[in-house]
file target-v7.txt (compact mmCIF, C-alpha atoms and all ligand atoms)
# COMPACT_ATOMS: atom_id res chain seq x y z
CA MET C 668 105.02 125.49 100.35
CA LYS C 669 105.42 121.70 100.47
CA ARG C 670 104.00 119.68 97.59
CA ALA C 671 101.17 117.37 98.53
CA LEU C 672 101.54 113.60 98.41
CA VAL C 673 98.88 111.04 97.49
CA MET C 674 99.86 107.39 97.83
CA GLY C 675 97.84 104.37 96.75
CA ASN C 676 98.40 101.25 98.86
CA TRP C 677 97.17 98.35 96.74
CA LYS C 678 97.74 95.84 99.57
CA MET C 679 97.43 92.21 98.35
CA ASN C 680 95.41 93.15 95.26
CA LEU C 681 96.12 93.22 91.50
CA ASP C 682 98.44 90.76 89.77
CA TYR C 683 101.16 92.14 87.51
CA VAL C 684 98.92 92.25 84.42
CA GLU C 685 96.22 94.18 86.28
CA ALA C 686 98.90 96.38 87.83
CA VAL C 687 100.32 97.36 84.44
CA HIS C 688 96.83 98.12 83.17
CA LEU C 689 96.07 100.38 86.13
CA VAL C 690 99.32 102.29 85.76
CA GLN C 691 98.68 102.79 82.05
CA GLN C 692 95.23 104.15 82.88
CA LEU C 693 96.83 106.54 85.36
CA GLY C 694 99.13 107.69 82.54
CA VAL C 695 96.13 108.59 80.38
CA LEU C 696 94.39 110.40 83.23
CA ALA C 697 97.60 112.27 84.02
CA SER C 698 97.97 113.54 80.48
CA ASN C 699 94.34 114.74 80.46
CA ARG C 700 94.59 116.33 83.89
CA PRO C 701 98.15 116.86 85.17
CA LEU C 702 98.49 117.44 88.90
CA ASP C 703 100.71 120.48 89.39
CA HIS C 704 100.95 120.44 93.18
CA VAL C 705 100.77 116.75 94.04
CA ASP C 706 103.28 113.90 94.04
CA VAL C 707 101.49 110.63 93.29
CA VAL C 708 102.92 107.27 94.35
CA VAL C 709 101.53 103.79 93.76
CA VAL C 710 102.39 101.02 96.21
CA PRO C 711 101.87 97.62 94.54
CA PRO C 712 102.56 94.11 95.88
CA PHE C 713 106.22 93.04 95.61
CA VAL C 714 105.61 90.78 92.61
CA ASP C 715 104.26 93.70 90.55
CA LEU C 716 107.08 96.12 91.28
CA ARG C 717 109.34 95.33 88.35
CA SER C 718 106.51 95.52 85.80
CA VAL C 719 105.19 98.74 87.31
CA THR C 720 108.57 100.50 87.41
CA SER C 721 109.19 99.44 83.79
CA VAL C 722 105.89 100.88 82.56
CA VAL C 723 106.30 104.06 84.60
CA GLU C 724 109.72 104.58 83.06
CA SER C 725 109.00 103.57 79.46
CA GLU C 726 105.62 105.34 79.21
CA ARG C 727 106.66 108.28 81.40
CA VAL C 728 103.74 107.94 83.76
CA PRO C 729 104.15 110.73 86.33
CA VAL C 730 103.90 108.55 89.43
CA GLY C 731 106.46 107.25 91.89
CA VAL C 732 106.59 103.62 92.96
CA GLY C 733 106.73 102.45 96.56
CA ALA C 734 106.78 99.11 98.38
CA GLN C 735 104.44 98.00 101.16
CA HIS C 736 107.08 96.59 103.48
CA VAL C 737 110.80 95.88 103.76
CA ASN C 738 112.97 93.76 106.03
CA PRO C 739 115.43 95.79 108.16
CA LEU C 740 118.30 93.44 107.26
CA GLU C 741 120.32 93.58 104.04
CA SER C 742 120.53 89.94 103.04
CA GLY C 743 120.75 86.43 104.42
CA ALA C 744 118.65 83.50 105.55
CA HIS C 745 115.26 85.22 105.82
CA THR C 746 112.90 83.19 103.68
CA GLY C 747 110.17 85.26 102.11
CA GLU C 748 111.68 88.64 102.93
CA ILE C 749 112.89 91.54 100.74
CA SER C 750 115.66 94.03 101.58
CA ALA C 751 116.03 97.77 101.01
CA PRO C 752 118.93 97.39 98.51
CA MET C 753 116.74 95.00 96.47
CA LEU C 754 113.99 97.61 96.32
CA ARG C 755 116.41 100.39 95.37
CA ARG C 756 117.77 98.27 92.53
CA LEU C 757 114.23 97.96 91.15
CA GLY C 758 113.76 101.72 91.02
CA VAL C 759 111.50 101.78 94.06
CA ALA C 760 111.80 105.11 95.88
CA SER C 761 109.68 104.72 99.00
CA VAL C 762 108.30 102.17 101.42
CA LEU C 763 105.47 101.99 103.93
CA VAL C 764 106.76 101.27 107.41
CA GLY C 765 104.59 99.86 110.18
CA HIS C 766 101.23 99.81 108.42
CA SER C 767 98.64 98.77 111.02
CA GLU C 768 97.88 95.57 109.10
CA ARG C 769 101.50 94.53 109.51
CA ARG C 770 101.55 95.59 113.16
CA GLN C 771 98.35 93.70 113.92
CA MET C 772 98.39 90.65 111.65
CA TYR C 773 102.14 90.05 111.39
CA SER C 774 103.23 91.02 114.91
CA MET C 775 105.36 93.96 113.82
CA SER C 776 106.48 95.50 117.12
CA ASP C 777 107.47 99.13 117.69
CA ASP C 778 111.11 97.98 117.83
CA VAL C 779 110.90 96.32 114.43
CA VAL C 780 109.12 99.38 113.03
CA ALA C 781 112.02 101.54 114.27
CA GLN C 782 114.64 99.17 112.82
CA THR C 783 112.77 99.09 109.51
CA LEU C 784 112.57 102.87 109.26
CA GLN C 785 116.28 103.07 110.12
CA ALA C 786 117.21 100.56 107.41
CA ALA C 787 114.94 102.01 104.73
CA THR C 788 116.15 105.57 105.17
CA ARG C 789 119.79 104.50 105.56
CA HIS C 790 119.49 103.00 102.09
CA GLY C 791 117.93 106.15 100.67
CA LEU C 792 114.31 105.00 100.56
CA ALA C 793 111.66 107.50 101.61
CA GLY C 794 110.00 105.93 104.65
CA VAL C 795 106.27 106.46 105.20
CA LEU C 796 105.80 105.80 108.89
CA CYS C 797 102.23 104.68 109.61
CA VAL C 798 100.81 105.46 113.05
CA GLY C 799 97.31 105.37 114.46
CA GLU C 800 95.18 104.16 117.33
CA SER C 801 92.54 101.46 117.70
CA LEU C 802 88.96 102.31 118.61
CA ASP C 803 89.54 101.15 122.22
CA VAL C 804 92.46 103.54 122.59
CA ARG C 805 90.44 106.44 121.16
CA GLU C 806 87.43 105.70 123.33
CA ALA C 807 89.71 105.67 126.36
CA GLY C 808 90.89 109.16 125.37
CA GLN C 809 94.48 107.92 124.95
CA HIS C 810 94.89 108.48 121.20
CA LEU C 811 97.19 111.51 121.38
CA ASP C 812 99.60 109.86 123.84
CA TYR C 813 99.46 106.59 121.95
CA VAL C 814 100.45 108.18 118.65
CA ALA C 815 103.13 110.31 120.33
CA ASP C 816 104.67 107.11 121.74
CA GLN C 817 104.60 105.45 118.31
CA LEU C 818 106.31 108.51 116.80
CA ARG C 819 109.02 108.74 119.45
CA SER C 820 109.76 105.05 119.28
CA ALA C 821 110.21 105.10 115.50
CA LEU C 822 111.83 108.50 114.96
CA GLU C 823 114.41 108.81 117.71
CA GLY C 824 117.96 108.17 116.58
CA LEU C 825 117.60 108.99 112.88
CA SER C 826 120.36 111.10 111.33
CA ASP C 827 119.59 114.47 109.68
CA THR C 828 119.74 112.85 106.24
CA GLN C 829 117.43 110.05 107.29
CA ARG C 830 114.91 112.45 108.84
CA GLU C 831 114.55 114.26 105.52
CA LEU C 832 113.27 111.01 104.01
CA VAL C 833 110.42 110.56 106.49
CA THR C 834 106.71 111.10 105.86
CA ILE C 835 104.18 110.37 108.61
CA ALA C 836 100.81 108.81 107.80
CA TYR C 837 98.11 109.05 110.45
CA GLU C 838 95.82 106.07 109.93
CA PRO C 839 93.35 105.41 112.73
CA ILE C 840 92.79 101.65 112.65
CA TRP C 841 89.04 102.04 113.05
CA ALA C 842 88.86 104.08 109.82
CA ILE C 843 90.87 101.74 107.59
CA GLY C 844 88.75 99.83 105.12
CA THR C 845 85.59 100.51 107.13
CA GLY C 846 84.02 103.22 104.98
CA LEU C 847 84.02 105.37 108.12
CA SER C 848 86.56 108.13 107.67
CA ALA C 849 87.74 110.16 110.66
CA SER C 850 86.03 113.56 110.84
CA THR C 851 87.94 116.60 109.68
CA ASP C 852 88.08 117.77 113.33
CA GLN C 853 89.63 114.47 114.38
CA VAL C 854 92.14 114.58 111.52
CA ARG C 855 93.00 118.22 112.28
CA GLU C 856 93.55 117.55 115.99
CA MET C 857 95.86 114.62 115.29
CA THR C 858 97.69 116.34 112.44
CA GLU C 859 98.51 119.32 114.67
CA HIS C 860 99.60 116.98 117.45
CA ILE C 861 101.83 114.97 115.09
CA ARG C 862 103.47 118.18 113.86
CA VAL C 863 104.26 119.24 117.45
CA VAL C 864 105.73 115.84 118.38
CA ALA C 865 107.61 115.61 115.07
CA SER C 866 109.09 119.10 115.60
CA SER C 867 110.33 118.07 119.04
CA LEU C 868 112.17 115.23 117.26
CA SER C 869 113.66 117.62 114.64
CA LEU C 870 111.17 116.62 111.94
CA ALA C 871 109.34 119.91 111.60
CA ASN C 872 109.18 119.63 107.82
CA ALA C 873 107.92 116.07 107.46
CA ARG C 874 104.75 115.69 105.41
CA VAL C 875 101.78 114.40 107.37
CA LEU C 876 99.22 112.29 105.50
CA TYR C 877 95.84 110.98 106.55
CA GLY C 878 94.61 107.49 105.66
CA GLY C 879 91.33 105.74 106.40
CA SER C 880 88.41 105.43 103.98
CA VAL C 881 89.47 108.40 101.86
CA ASN C 882 87.59 108.63 98.57
CA ALA C 883 86.93 111.11 95.78
CA GLU C 884 83.95 112.55 97.70
CA ASN C 885 85.59 113.26 101.07
CA ALA C 886 89.18 114.04 100.01
CA GLY C 887 88.64 117.72 99.18
CA ALA C 888 87.00 118.59 102.49
CA ILE C 889 89.57 116.68 104.55
CA VAL C 890 92.58 118.26 102.89
CA ARG C 891 91.01 121.73 102.98
CA GLU C 892 89.88 121.63 106.60
CA SER C 893 92.42 119.49 108.41
CA GLY C 894 95.82 120.75 107.26
CA VAL C 895 97.13 117.36 106.07
CA ASP C 896 99.68 117.25 103.25
CA GLY C 897 97.88 114.49 101.38
CA PHE C 898 96.58 110.95 101.73
CA LEU C 899 97.46 107.30 102.00
CA VAL C 900 94.62 105.61 100.14
CA GLY C 901 93.70 101.92 100.19
CA GLY C 902 90.47 100.75 98.53
CA ALA C 903 89.94 103.84 96.39
CA SER C 904 93.41 103.47 94.85
CA LEU C 905 92.46 100.24 93.08
CA LYS C 906 90.53 102.06 90.34
CA ALA C 907 92.40 104.62 88.26
CA GLU C 908 89.54 107.14 88.09
CA SER C 909 88.77 107.18 91.81
CA PHE C 910 92.45 107.41 92.71
CA TRP C 911 93.18 110.21 90.25
CA SER C 912 90.06 112.09 91.41
CA ILE C 913 91.53 112.15 94.92
CA GLY C 914 94.72 113.62 93.47
CA GLU C 915 92.64 116.21 91.61
CA ALA C 916 90.78 117.20 94.77
CA VAL C 917 94.08 117.75 96.56
CA ASP C 918 95.54 119.57 93.58
CA ASP C 919 92.51 121.90 93.37
CA CYS C 920 92.85 122.69 97.04
CA TYR C 921 96.56 123.45 96.73
CA ALA C 922 96.01 125.54 93.60
CA GLY C 923 93.38 127.54 95.52
CA ARG C 924 95.73 128.03 98.43
CA ALA C 925 98.55 128.99 96.13
CA THR C 926 96.65 131.87 94.47
C1 LIG C 1001 95.21 101.83 104.17
O1 LIG C 1001 95.14 100.62 104.28
O2 LIG C 1001 96.29 102.40 104.26
C2 LIG C 1001 93.96 102.57 103.94
C3 LIG C 1001 93.96 103.84 104.19
O3 LIG C 1001 92.88 101.85 103.45
P1 LIG C 1001 91.44 102.44 103.04
O4 LIG C 1001 91.64 103.70 102.24
O5 LIG C 1001 90.80 101.35 102.24
O6 LIG C 1001 90.70 102.73 104.33

call {"tool": "encode", "arguments": {"input": "target-v7.txt", "output": "structure tokens"}}
result
Amino acid sequence: MKRALVMGNWKMNLDYVEAVHLVQQLGVLASNRPLDHVDVVVVPPFVDLRSVTSVVESERVPVGVGAQHVNPLESGAHTGEISAPMLRRLGVASVLVGHSERRQMYSMSDDVVAQTLQAATRHGLAGVLCVGESLDVREAGQHLDYVADQLRSALEGLSDTQRELVTIAYEPIWAIGTGLSASTDQVREMTEHIRVVASSLSLANARVLYGGSVNAENAGAIVRESGVDGFLVGGASLKAESFWSIGEAVDDCYAGRAT
């Protein structure tokens, strides 16, 4: 059985001092309540990465560290951008690719998403491909086709080695930061659909996460009833207790399944 994955996307929150504090709190929570079946990853802003990887390493906090974005190119005249080799050198192991906030607010096209996933995985970073429809698309009944198109566009052309580094996060735009999570039926329908499309692209084993207003209260039911392999968490990842509680809910569910 695959291990679950719970990722905390801090977005543009927490400076490096606050980031270090949060990771240290996660370390305390982890020693009180280890998660046996769950990989936990924090995804801080770029400027926090070095401090966070240092604390994780020196204090042996059992979390991975990811980045929120990466440029598909390796180096050069790209003011304000960060490359995959730079992230690797910092000890960063994974990166979000095509989060809806980057697609919507920073004009990240499907082509750039595909190039970014290519570059990240070519450099050995685990790529968390974010897909998901707007409310208009869902209300028009087009959400399954829409997400299938996003998946095909990003996943075609990856090598076998690159495919092994891919996780897919289903994040309906209307559920992100709204307090209105998708229902377990909606998450289950899309998760099953994503697995079918991913299998047709030779990614049968990729983990599928759900993201969108996940919190300590709804995480257990969603993971139990929808078949996801974990969560991409925004707001609730900014406090150590709420984030770890989500990990615990997933861990409890996996422990139950495992017995
Ligand atoms: C996200 O931005 O990836 C996200 C899921 O945010 P939230 O949990 O706050 O809805």

call {"tool": "residues_near_ligand", "arguments": {"input": "target-v7.txt", "ligand": "ligand LIG 1001 (chain C)", "cutoff": "8 Å", "atoms": "all atoms listed in the file", "output": "list in words"}}
result
Gly675, Asn676, Lys678, His766, Ser767, Glu768, Glu838, Ala842, Ile843, Gly844, Thr845, Gly846, Ser848, Tyr877, Gly878, Gly879, Ser880, Val881, Asn882, Phe898, Leu899, Val900, Gly901, Gly902, Ala903 and Ser904 of chain C

call {"tool": "residues_around", "arguments": {"input": "target-v7.txt", "residues": "C:Val732", "least_positions_apart": "2", "cutoff": "7 Å", "atoms": "all atoms listed in the file", "output": "list in words"}}
result
Val708, Val709, Val710, Thr720, Val730, Val759, Ala760 and Ser761 of chain C

call {"tool": "write_last_selection", "arguments": {"input": "target-v7.txt", "atoms": "C-alpha atoms", "output": "compact mmCIF listing (two decimals), in the coordinates of the input"}}
result
# COMPACT_ATOMS: atom_id res chain seq x y z
CA VAL C 708 102.92 107.27 94.35
CA VAL C 709 101.53 103.79 93.76
CA VAL C 710 102.39 101.02 96.21
CA THR C 720 108.57 100.50 87.41
CA VAL C 730 103.90 108.55 89.43
CA VAL C 759 111.50 101.78 94.06
CA ALA C 760 111.80 105.11 95.88
CA SER C 761 109.68 104.72 99.00

call {"tool": "atom_distance", "arguments": {"input": "target-v7.txt", "atom1": "atom CA of C:Pro739", "atom2": "atom CA of C:Val762"}}
result
11.7 Å

call {"tool": "atom_distance", "arguments": {"input": "target-v7.txt", "atom1": "atom CA of C:Arg855", "atom2": "atom CA of C:Arg830"}}
result
22.9 Å

call {"tool": "closest_residue", "arguments": {"input": "target-v7.txt", "among": "C:Asp778, C:Glu908, C:Asp827, C:Glu800", "to": "C:Met857", "atoms": "all atoms listed in the file"}}
result
C:Glu800

call {"tool": "residues_around", "arguments": {"input": "target-v7.txt", "residues": "C:Gln785", "least_positions_apart": "4", "cutoff": "12 Å", "atoms": "all atoms listed in the file", "output": "number ranges by chain"}}
result
C: 737-741, 751, 762, 764, 778-781, 789-796, 820-830, 832-833

call {"tool": "closest_residue", "arguments": {"input": "target-v7.txt", "among": "C:Lys669, C:Ala888, C:Ala883, C:Ala807", "to": "C:Lys906", "atoms": "all atoms listed in the file"}}
result
C:Ala883

call {"tool": "residues_around", "arguments": {"input": "target-v7.txt", "residues": "C:Asp777", "least_positions_apart": "4", "cutoff": "10 Å", "atoms": "only C-alpha atoms", "output": "list in words"}}
result
Gly765, Arg770, Ala781, Gln782, Thr783, Asp816, Gln817, Leu818, Arg819, Ser820 and Ala821 of chain C

call {"tool": "atom_distance", "arguments": {"input": "target-v7.txt", "atom1": "atom CA of C:Gly894", "atom2": "atom CA of C:Val690"}}
result
28.6 Å

call {"tool": "closest_residue", "arguments": {"input": "target-v7.txt", "among": "C:Leu716, C:Met668, C:Met775, C:Ala907", "to": "C:Leu693", "atoms": "only C-alpha atoms"}}
result
C:Ala907

call {"tool": "closest_residue", "arguments": {"input": "target-v7.txt", "among": "C:Met772, C:Met753, C:Met679, C:Ala871", "to": "C:Glu831", "atoms": "only C-alpha atoms"}}
result
C:Ala871
